[in-house]
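Asks: One structure coming up, written as structure tokens, with questions to follow.
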Amino acid sequence: MKEELTVKIIAYGIREDERPYLEEWAQDQGIEVRVVRELLDEQTADLAKGYDGAVVYQQKPYSGAILDRLAANGVTNLSLRNVGVDNVDADAVKRHGFKVTNVPAYSPAAIAEFTVTRLMQLLRRTPTFDREQALGDLRWAPDIADELNTMTVGIVATGRIGRAAMKIYQGFGAKVIAYDVYHNPELEKQGIYVDTLDDLYAQADVISLHAPATKDNEKMLNDAAFAKMKPGVWILNPARGALIDTDALIRALDSGQVAGAALDVYEDEVGIFNTDFGSFASIPDERLKNLMERDNVLVSPHIAFYTRTAVKNMVQYALNNNRDLIATGHAKNEVQF
Ligand code: COI
């Protein structure tokens, strides 16, 4: 018989698509999980009183004030259902001795598959053909396409997602090069790495970003970086909006230095993505709309991760982490701040 843990978890920001996976886990584990639809904020933090841990996912910051409030309610075991921890206030984590976990690998394939799908749409000019067809224009020219198998793809960061994307690019016959501060031994043996980002910029026809956001790589793709790239380069960002200086990207698209871009993330996405504004005109971000109106730019609202496999893993792995933190003080996916 399974030993019952007397732990109580509160889960914030639970969407309808997450709920069945949460309920399945709670029943299987015999653990009480309170479901809260609202995100964790300074007010909802008070709901955590009496619980042993909190499971969360939100793009809004986990600010110092929110973490102060959570700690005041006696909860310092915090398990994120996603991978990125860039929106967690590190000072507050240290101040209160929070134990924080993330889910580093809920489905690297989900993001990798989506990224390459978007690239293929760009290379084959499907946004233009789809738009023209809807207007009754079934001509070919001038929208002649390019083939991925003739190209060099530069992967920035060879973590799990970067490596999953790499395999797909290689499956298409592309040459793959990569840059990362940390070298994966397998890839090292294959001679995939270039020494510097500048080397990658100089050689790549496609740049595929898979790095987490840190204070060191903010706006790494800026005017200077775009100028070092091959004219007509394609940019893919399924990682973090902060990696790209949006104004610089717009300038590079206008000049043709960048042929096109697929952006699943955006600098100012918080409060905009995953919202229904009712019409294109009502989207309250002119820069974003500028990008969305271009055939050679594919914007998507941070959906690369959004598959059944990924959502199930995000919910259940985060709950496992939170249970382990509560029961033992440690969990597999503890993040050091
Ligand atoms: C992450 O896991 O950090 C992501 O970026 C996906 C998120 C939208 C759930």
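Letters A, B, ... go to the chains of the structure tokens in the order shown; residues in each chain start at 1; ligands are counted from 1 in the same order.
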How would you write, as a ChimeraX atom specification, the set of residues no farther than 12 Å from ligand 1 when counting only C-alpha atoms and all ligand atoms?
Replies: /A:13-15,18,56-60,80-88,102-108,110-111,161,210-213,237-242,264-266,269-270,273-274,300-307,310-315,318
Asks: Pull the alpha helix (DSSP H) assignments for range 27-218 of chain A out of DSSP run on the backbone, and list those residues as a PDB file with C-alpha atoms, in the first residue's frame.
Replies:
ATOM      1  CA  GLN A  27      -5.747  10.939  -6.910  1.00  0.00           C
ATOM      2  CA  ASP A  28      -2.825   8.689  -7.684  1.00  0.00           C
ATOM      3  CA  GLN A  29      -0.681  10.198  -4.909  1.00  0.00           C
ATOM      4  CA  GLY A  64       9.803  40.404  -4.009  1.00  0.00           C
ATOM      5  CA  ALA A  65       6.480  41.626  -2.609  1.00  0.00           C
ATOM      6  CA  ILE A  66       4.673  38.456  -3.735  1.00  0.00           C
ATOM      7  CA  LEU A  67       7.362  36.172  -2.332  1.00  0.00           C
ATOM      8  CA  ASP A  68       7.406  38.176   0.942  1.00  0.00           C
ATOM      9  CA  ARG A  69       3.658  37.593   1.248  1.00  0.00           C
ATOM     10  CA  LEU A  70       3.945  33.891   0.450  1.00  0.00           C
ATOM     11  CA  ALA A  71       6.698  33.482   3.048  1.00  0.00           C
ATOM     12  CA  ALA A  72       4.609  35.424   5.587  1.00  0.00           C
ATOM     13  CA  ALA A  90      16.365  36.115  -6.621  1.00  0.00           C
ATOM     14  CA  ASP A  91      16.904  38.433  -3.626  1.00  0.00           C
ATOM     15  CA  ALA A  92      13.561  37.464  -2.124  1.00  0.00           C
ATOM     16  CA  VAL A  93      14.338  33.775  -2.721  1.00  0.00           C
ATOM     17  CA  LYS A  94      17.551  34.142  -0.729  1.00  0.00           C
ATOM     18  CA  ARG A  95      16.011  36.414   1.922  1.00  0.00           C
ATOM     19  CA  HIS A  96      13.386  33.843   2.877  1.00  0.00           C
ATOM     20  CA  PRO A 108      12.062  19.836 -25.602  1.00  0.00           C
ATOM     21  CA  ALA A 109      10.574  18.317 -28.769  1.00  0.00           C
ATOM     22  CA  ALA A 110       7.474  20.496 -28.492  1.00  0.00           C
ATOM     23  CA  ILE A 111       9.509  23.666 -28.829  1.00  0.00           C
ATOM     24  CA  ALA A 112      11.943  22.215 -31.347  1.00  0.00           C
ATOM     25  CA  GLU A 113       9.195  20.908 -33.656  1.00  0.00           C
ATOM     26  CA  PHE A 114       7.361  24.215 -33.582  1.00  0.00           C
ATOM     27  CA  THR A 115      10.510  26.221 -34.297  1.00  0.00           C
ATOM     28  CA  VAL A 116      11.407  24.202 -37.369  1.00  0.00           C
ATOM     29  CA  THR A 117       7.787  24.248 -38.561  1.00  0.00           C
ATOM     30  CA  ARG A 118       7.829  28.048 -38.488  1.00  0.00           C
ATOM     31  CA  LEU A 119      11.155  28.162 -40.323  1.00  0.00           C
ATOM     32  CA  MET A 120       9.792  25.900 -43.047  1.00  0.00           C
ATOM     33  CA  GLN A 121       6.758  28.157 -43.436  1.00  0.00           C
ATOM     34  CA  LEU A 122       9.053  31.144 -43.861  1.00  0.00           C
ATOM     35  CA  LEU A 123      11.408  29.432 -46.282  1.00  0.00           C
ATOM     36  CA  THR A 126       3.484  29.999 -47.115  1.00  0.00           C
ATOM     37  CA  PRO A 127       2.270  33.174 -45.333  1.00  0.00           C
ATOM     38  CA  THR A 128       2.375  35.014 -48.669  1.00  0.00           C
ATOM     39  CA  PHE A 129       0.778  32.172 -50.639  1.00  0.00           C
ATOM     40  CA  ASP A 130      -1.971  31.756 -48.024  1.00  0.00           C
ATOM     41  CA  ARG A 131      -2.747  35.473 -48.069  1.00  0.00           C
ATOM     42  CA  GLU A 132      -2.732  35.688 -51.884  1.00  0.00           C
ATOM     43  CA  GLN A 133      -4.812  32.544 -52.319  1.00  0.00           C
ATOM     44  CA  ALA A 134      -7.513  33.974 -50.071  1.00  0.00           C
ATOM     45  CA  ARG A 160      17.890  20.144 -24.338  1.00  0.00           C
ATOM     46  CA  ILE A 161      15.774  22.282 -26.656  1.00  0.00           C
ATOM     47  CA  GLY A 162      18.717  23.408 -28.772  1.00  0.00           C
ATOM     48  CA  ARG A 163      19.819  19.790 -29.162  1.00  0.00           C
ATOM     49  CA  ALA A 164      16.306  18.613 -30.066  1.00  0.00           C
ATOM     50  CA  ALA A 165      16.077  21.342 -32.713  1.00  0.00           C
ATOM     51  CA  MET A 166      19.533  20.427 -34.003  1.00  0.00           C
ATOM     52  CA  LYS A 167      18.463  16.843 -34.720  1.00  0.00           C
ATOM     53  CA  ILE A 168      15.478  18.030 -36.748  1.00  0.00           C
ATOM     54  CA  TYR A 169      17.576  20.492 -38.754  1.00  0.00           C
ATOM     55  CA  GLN A 170      20.056  17.705 -39.441  1.00  0.00           C
ATOM     56  CA  GLY A 171      17.162  15.474 -40.512  1.00  0.00           C
ATOM     57  CA  PRO A 185      30.774  16.445 -24.918  1.00  0.00           C
ATOM     58  CA  GLU A 186      28.912  14.566 -27.683  1.00  0.00           C
ATOM     59  CA  LEU A 187      28.532  17.663 -29.829  1.00  0.00           C
ATOM     60  CA  GLU A 188      32.109  18.632 -29.102  1.00  0.00           C
ATOM     61  CA  LYS A 189      33.240  15.303 -30.583  1.00  0.00           C
ATOM     62  CA  LEU A 197      29.065  34.152 -31.437  1.00  0.00           C
ATOM     63  CA  ASP A 198      30.679  36.303 -34.117  1.00  0.00           C
ATOM     64  CA  ASP A 199      31.817  33.117 -35.896  1.00  0.00           C
ATOM     65  CA  LEU A 200      28.257  31.818 -35.758  1.00  0.00           C
ATOM     66  CA  TYR A 201      26.857  35.119 -37.045  1.00  0.00           C
ATOM     67  CA  ALA A 202      29.335  35.101 -39.936  1.00  0.00           C
ATOM     68  CA  GLN A 203      28.483  31.559 -41.078  1.00  0.00           C
TER      69      GLN A 203
END
Asks: If I take CA of Arg37 in chain A and CA of Leu78 in chain A, how far is one from the other in Å, to one decimal?
Replies: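 Interatomic distance, CA of Arg37 in chain A to CA of Leu78 in chain A: 16.8 Å.
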Asks: DSSP on the backbone: what in range 56-165 of chain A comes out strand (DSSP E), as a PyMOL selection string?
Replies: chain A and resi 56+77-80+99-101+152-156
Asks: Output all heavy atoms for every residue in the selection just made, as a CSV table (one decimal), in the first residue's frame.
Replies:
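selection.csv written:
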chain,number,residue,atom,x,y,z
A,56,VAL,N,3.2,26.8,-9.3
A,56,VAL,CA,2.8,28.0,-10.0
A,56,VAL,C,3.3,28.0,-11.4
A,56,VAL,O,4.3,27.3,-11.8
A,56,VAL,CB,3.5,29.3,-9.3
A,56,VAL,CG1,2.9,29.6,-8.0
A,56,VAL,CG2,5.0,29.1,-9.2
A,77,ASN,N,8.2,26.6,-0.2
A,77,ASN,CA,8.5,25.6,-1.2
A,77,ASN,C,7.7,25.9,-2.5
A,77,ASN,O,6.5,25.9,-2.5
A,77,ASN,CB,8.0,24.2,-0.8
A,77,ASN,CG,8.8,23.7,0.4
A,77,ASN,OD1,10.0,23.7,0.4
A,77,ASN,ND2,8.1,23.2,1.4
A,78,LEU,N,8.4,26.4,-3.5
A,78,LEU,CA,7.8,26.9,-4.7
A,78,LEU,C,8.2,26.1,-6.0
A,78,LEU,O,9.4,26.1,-6.3
A,78,LEU,CB,8.2,28.4,-4.9
A,78,LEU,CG,7.5,29.2,-5.9
A,78,LEU,CD1,6.0,29.4,-5.6
A,78,LEU,CD2,8.2,30.6,-6.1
A,79,SER,N,7.2,25.5,-6.6
A,79,SER,CA,7.6,24.7,-7.8
A,79,SER,C,6.9,25.3,-9.0
A,79,SER,O,5.7,25.4,-9.2
A,79,SER,CB,7.1,23.3,-7.6
A,79,SER,OG,7.8,22.7,-6.5
A,80,LEU,N,7.8,25.7,-10.0
A,80,LEU,CA,7.3,26.3,-11.2
A,80,LEU,C,7.0,25.1,-12.2
A,80,LEU,O,7.7,24.1,-12.2
A,80,LEU,CB,8.4,27.2,-11.9
A,80,LEU,CG,8.5,28.6,-11.4
A,80,LEU,CD1,8.7,28.7,-9.9
A,80,LEU,CD2,9.6,29.3,-12.1
A,99,LYS,N,12.9,27.4,-1.4
A,99,LYS,CA,13.3,26.3,-2.2
A,99,LYS,C,12.5,26.4,-3.5
A,99,LYS,O,11.3,26.3,-3.4
A,99,LYS,CB,13.1,24.9,-1.6
A,99,LYS,CG,13.8,24.7,-0.3
A,99,LYS,CD,15.0,23.8,-0.4
A,99,LYS,CE,15.6,23.7,0.9
A,99,LYS,NZ,16.9,23.1,0.8
A,100,VAL,N,13.2,26.5,-4.6
A,100,VAL,CA,12.5,26.7,-5.9
A,100,VAL,C,12.9,25.6,-6.9
A,100,VAL,O,14.0,25.2,-7.0
A,100,VAL,CB,12.8,28.1,-6.5
A,100,VAL,CG1,12.1,28.3,-7.9
A,100,VAL,CG2,12.5,29.2,-5.6
A,101,THR,N,11.9,25.0,-7.5
A,101,THR,CA,12.1,24.0,-8.6
A,101,THR,C,11.5,24.5,-9.9
A,101,THR,O,10.5,25.3,-9.9
A,101,THR,CB,11.5,22.6,-8.2
A,101,THR,OG1,10.1,22.8,-8.1
A,101,THR,CG2,12.2,22.1,-7.0
A,152,THR,N,23.1,26.6,-43.7
A,152,THR,CA,23.8,26.4,-42.4
A,152,THR,C,22.9,27.0,-41.3
A,152,THR,O,22.6,28.2,-41.4
A,152,THR,CB,25.2,27.1,-42.4
A,152,THR,OG1,26.0,26.5,-43.4
A,152,THR,CG2,25.9,26.9,-41.0
A,153,VAL,N,22.6,26.2,-40.3
A,153,VAL,CA,21.8,26.7,-39.2
A,153,VAL,C,22.7,26.9,-38.0
A,153,VAL,O,23.5,26.0,-37.6
A,153,VAL,CB,20.7,25.7,-38.8
A,153,VAL,CG1,19.9,26.2,-37.6
A,153,VAL,CG2,19.8,25.4,-40.0
A,154,GLY,N,22.7,28.0,-37.3
A,154,GLY,CA,23.5,28.3,-36.1
A,154,GLY,C,22.6,28.3,-34.9
A,154,GLY,O,21.6,29.0,-34.8
A,155,ILE,N,22.9,27.3,-34.0
A,155,ILE,CA,22.1,27.1,-32.8
A,155,ILE,C,22.8,27.9,-31.7
A,155,ILE,O,24.0,27.7,-31.4
A,155,ILE,CB,22.1,25.6,-32.4
A,155,ILE,CG1,21.6,24.8,-33.6
A,155,ILE,CG2,21.3,25.4,-31.1
A,155,ILE,CD1,20.2,24.4,-33.5
A,156,VAL,N,22.1,28.8,-31.1
A,156,VAL,CA,22.6,29.5,-29.9
A,156,VAL,C,22.1,28.8,-28.7
A,156,VAL,O,20.9,28.9,-28.4
A,156,VAL,CB,22.2,31.0,-29.9
A,156,VAL,CG1,22.7,31.7,-28.7
A,156,VAL,CG2,22.8,31.7,-31.2
Asks: Counting only C-alpha atoms, what is within 8 Å of range 321-324 of chain A, bar same-chain residues fewer than 3 positions away, as a list in words?
Replies: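 Contacts, with the query itself left out: Val7, Ile9, Gly53, Ala54, Val55, Asn77, Leu78, Ser79, Thr101, Tyr317, Ala318, Ala327, Thr328, Gly329, His330, Ala331, Lys332 and Asn333 of chain A.
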Asks: Save the residues we just selected, all heavy atoms, as a compact mmCIF listing (two decimals), in the first residue's frame?
Replies:
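And here's result_38.txt as it stands now:
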# COMPACT_ATOMS: atom_id res chain seq x y z
N VAL A 7 0.76 15.94 3.19
CA VAL A 7 1.18 17.25 2.68
C VAL A 7 0.01 17.86 1.93
O VAL A 7 -0.85 17.16 1.38
CB VAL A 7 2.41 17.15 1.74
CG1 VAL A 7 3.60 16.58 2.47
CG2 VAL A 7 2.10 16.35 0.51
N ILE A 9 -0.80 20.85 -0.95
CA ILE A 9 -0.20 21.73 -1.97
C ILE A 9 -1.27 22.65 -2.52
O ILE A 9 -2.42 22.23 -2.73
CB ILE A 9 0.40 20.87 -3.11
CG1 ILE A 9 1.56 20.02 -2.57
CG2 ILE A 9 0.86 21.74 -4.28
CD1 ILE A 9 2.11 19.00 -3.57
N GLY A 53 3.29 23.81 0.31
CA GLY A 53 4.03 24.21 -0.88
C GLY A 53 3.08 24.76 -1.92
O GLY A 53 1.87 24.52 -1.87
N ALA A 54 3.67 25.52 -2.87
CA ALA A 54 2.85 26.12 -3.93
C ALA A 54 3.43 25.73 -5.29
O ALA A 54 4.65 25.75 -5.49
CB ALA A 54 2.81 27.63 -3.79
N VAL A 55 2.52 25.40 -6.20
CA VAL A 55 2.90 25.09 -7.59
C VAL A 55 2.36 26.24 -8.45
O VAL A 55 1.20 26.63 -8.30
CB VAL A 55 2.30 23.73 -8.02
CG1 VAL A 55 2.38 23.56 -9.52
CG2 VAL A 55 3.04 22.61 -7.32
N ASN A 77 8.19 26.59 -0.23
CA ASN A 77 8.46 25.56 -1.24
C ASN A 77 7.68 25.95 -2.50
O ASN A 77 6.46 25.89 -2.52
CB ASN A 77 7.98 24.19 -0.77
CG ASN A 77 8.79 23.68 0.39
OD1 ASN A 77 10.02 23.72 0.37
ND2 ASN A 77 8.12 23.19 1.43
N LEU A 78 8.41 26.36 -3.54
CA LEU A 78 7.77 26.93 -4.72
C LEU A 78 8.19 26.13 -5.95
O LEU A 78 9.39 26.07 -6.28
CB LEU A 78 8.21 28.39 -4.87
CG LEU A 78 7.51 29.21 -5.94
CD1 LEU A 78 6.03 29.43 -5.57
CD2 LEU A 78 8.20 30.57 -6.11
N SER A 79 7.23 25.53 -6.62
CA SER A 79 7.57 24.71 -7.79
C SER A 79 6.93 25.30 -9.04
O SER A 79 5.71 25.38 -9.15
CB SER A 79 7.08 23.28 -7.59
OG SER A 79 7.80 22.71 -6.52
N THR A 101 11.85 25.02 -7.52
CA THR A 101 12.13 24.04 -8.57
C THR A 101 11.49 24.52 -9.87
O THR A 101 10.54 25.30 -9.86
CB THR A 101 11.54 22.65 -8.23
OG1 THR A 101 10.12 22.78 -8.06
CG2 THR A 101 12.16 22.05 -6.98
N TYR A 317 5.27 16.89 -13.27
CA TYR A 317 6.66 16.98 -12.79
C TYR A 317 6.77 18.06 -11.71
O TYR A 317 7.50 17.91 -10.73
CB TYR A 317 7.64 17.29 -13.92
CG TYR A 317 7.80 16.22 -14.98
CD1 TYR A 317 8.61 16.45 -16.10
CD2 TYR A 317 7.18 14.98 -14.89
CE1 TYR A 317 8.77 15.48 -17.09
CE2 TYR A 317 7.33 14.03 -15.87
CZ TYR A 317 8.12 14.28 -16.98
OH TYR A 317 8.28 13.34 -17.96
N ALA A 318 6.03 19.18 -11.89
CA ALA A 318 6.08 20.25 -10.88
C ALA A 318 5.49 19.75 -9.55
O ALA A 318 6.02 20.05 -8.48
CB ALA A 318 5.32 21.48 -11.37
N ALA A 327 8.48 16.81 1.44
CA ALA A 327 8.76 15.58 2.18
C ALA A 327 10.21 15.46 2.61
O ALA A 327 10.50 14.94 3.68
CB ALA A 327 8.36 14.37 1.33
N THR A 328 11.14 15.97 1.77
CA THR A 328 12.56 15.71 2.05
C THR A 328 13.42 16.96 2.11
O THR A 328 14.60 16.89 2.43
CB THR A 328 13.17 14.81 0.94
OG1 THR A 328 13.23 15.58 -0.27
CG2 THR A 328 12.34 13.56 0.70
N GLY A 329 12.86 18.11 1.73
CA GLY A 329 13.66 19.34 1.69
C GLY A 329 14.45 19.48 0.40
O GLY A 329 15.16 20.47 0.21
N HIS A 330 14.35 18.48 -0.45
CA HIS A 330 15.10 18.54 -1.72
C HIS A 330 14.25 17.98 -2.86
O HIS A 330 13.34 17.19 -2.62
CB HIS A 330 16.40 17.75 -1.64
CG HIS A 330 17.37 18.40 -0.73
ND1 HIS A 330 18.01 19.57 -1.05
CD2 HIS A 330 17.75 18.07 0.54
CE1 HIS A 330 18.77 19.93 -0.04
NE2 HIS A 330 18.63 19.05 0.94
N ALA A 331 14.58 18.38 -4.06
CA ALA A 331 13.90 17.82 -5.24
C ALA A 331 14.87 17.82 -6.40
O ALA A 331 15.85 18.58 -6.41
CB ALA A 331 12.66 18.64 -5.58
N LYS A 332 14.57 16.96 -7.35
CA LYS A 332 15.47 16.75 -8.50
C LYS A 332 15.77 18.06 -9.25
O LYS A 332 16.88 18.29 -9.66
CB LYS A 332 14.78 15.76 -9.44
CG LYS A 332 15.66 15.14 -10.48
CD LYS A 332 15.03 13.93 -11.10
CE LYS A 332 14.24 14.34 -12.32
NZ LYS A 332 13.41 13.32 -12.89
N ASN A 333 14.76 18.87 -9.38
CA ASN A 333 14.92 20.05 -10.24
C ASN A 333 15.05 21.36 -9.45
O ASN A 333 14.52 22.39 -9.86
CB ASN A 333 13.72 20.16 -11.20
CG ASN A 333 13.54 18.92 -12.03
OD1 ASN A 333 12.44 18.39 -12.16
ND2 ASN A 333 14.63 18.43 -12.62
Asks: Suppose you want the space between CA of Ile250 in chain A and CA of Arg287 in chain A; what is it in Å?
Replies: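 That distance, rounded to one decimal, is 8.6 Å.
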Asks: Under the rule that only C-alpha atoms are counted, which of A:Leu138, A:Val36, A:Ala248, A:Gln257 is the nearest residue to Asn222 in chain A?
Replies: A:Ala248
Asks: For Leu209 in chain A, which of A:Thr158, A:Thr44, A:Asn184, A:Asn296 is the closest residue, counting only C-alpha atoms?
Replies: A:Thr158
Asks: When you draw a straight line from CA of Ile244 in chain A to CA of Phe226 in chain A, how long is it in Å?
Replies: 10.2 Å
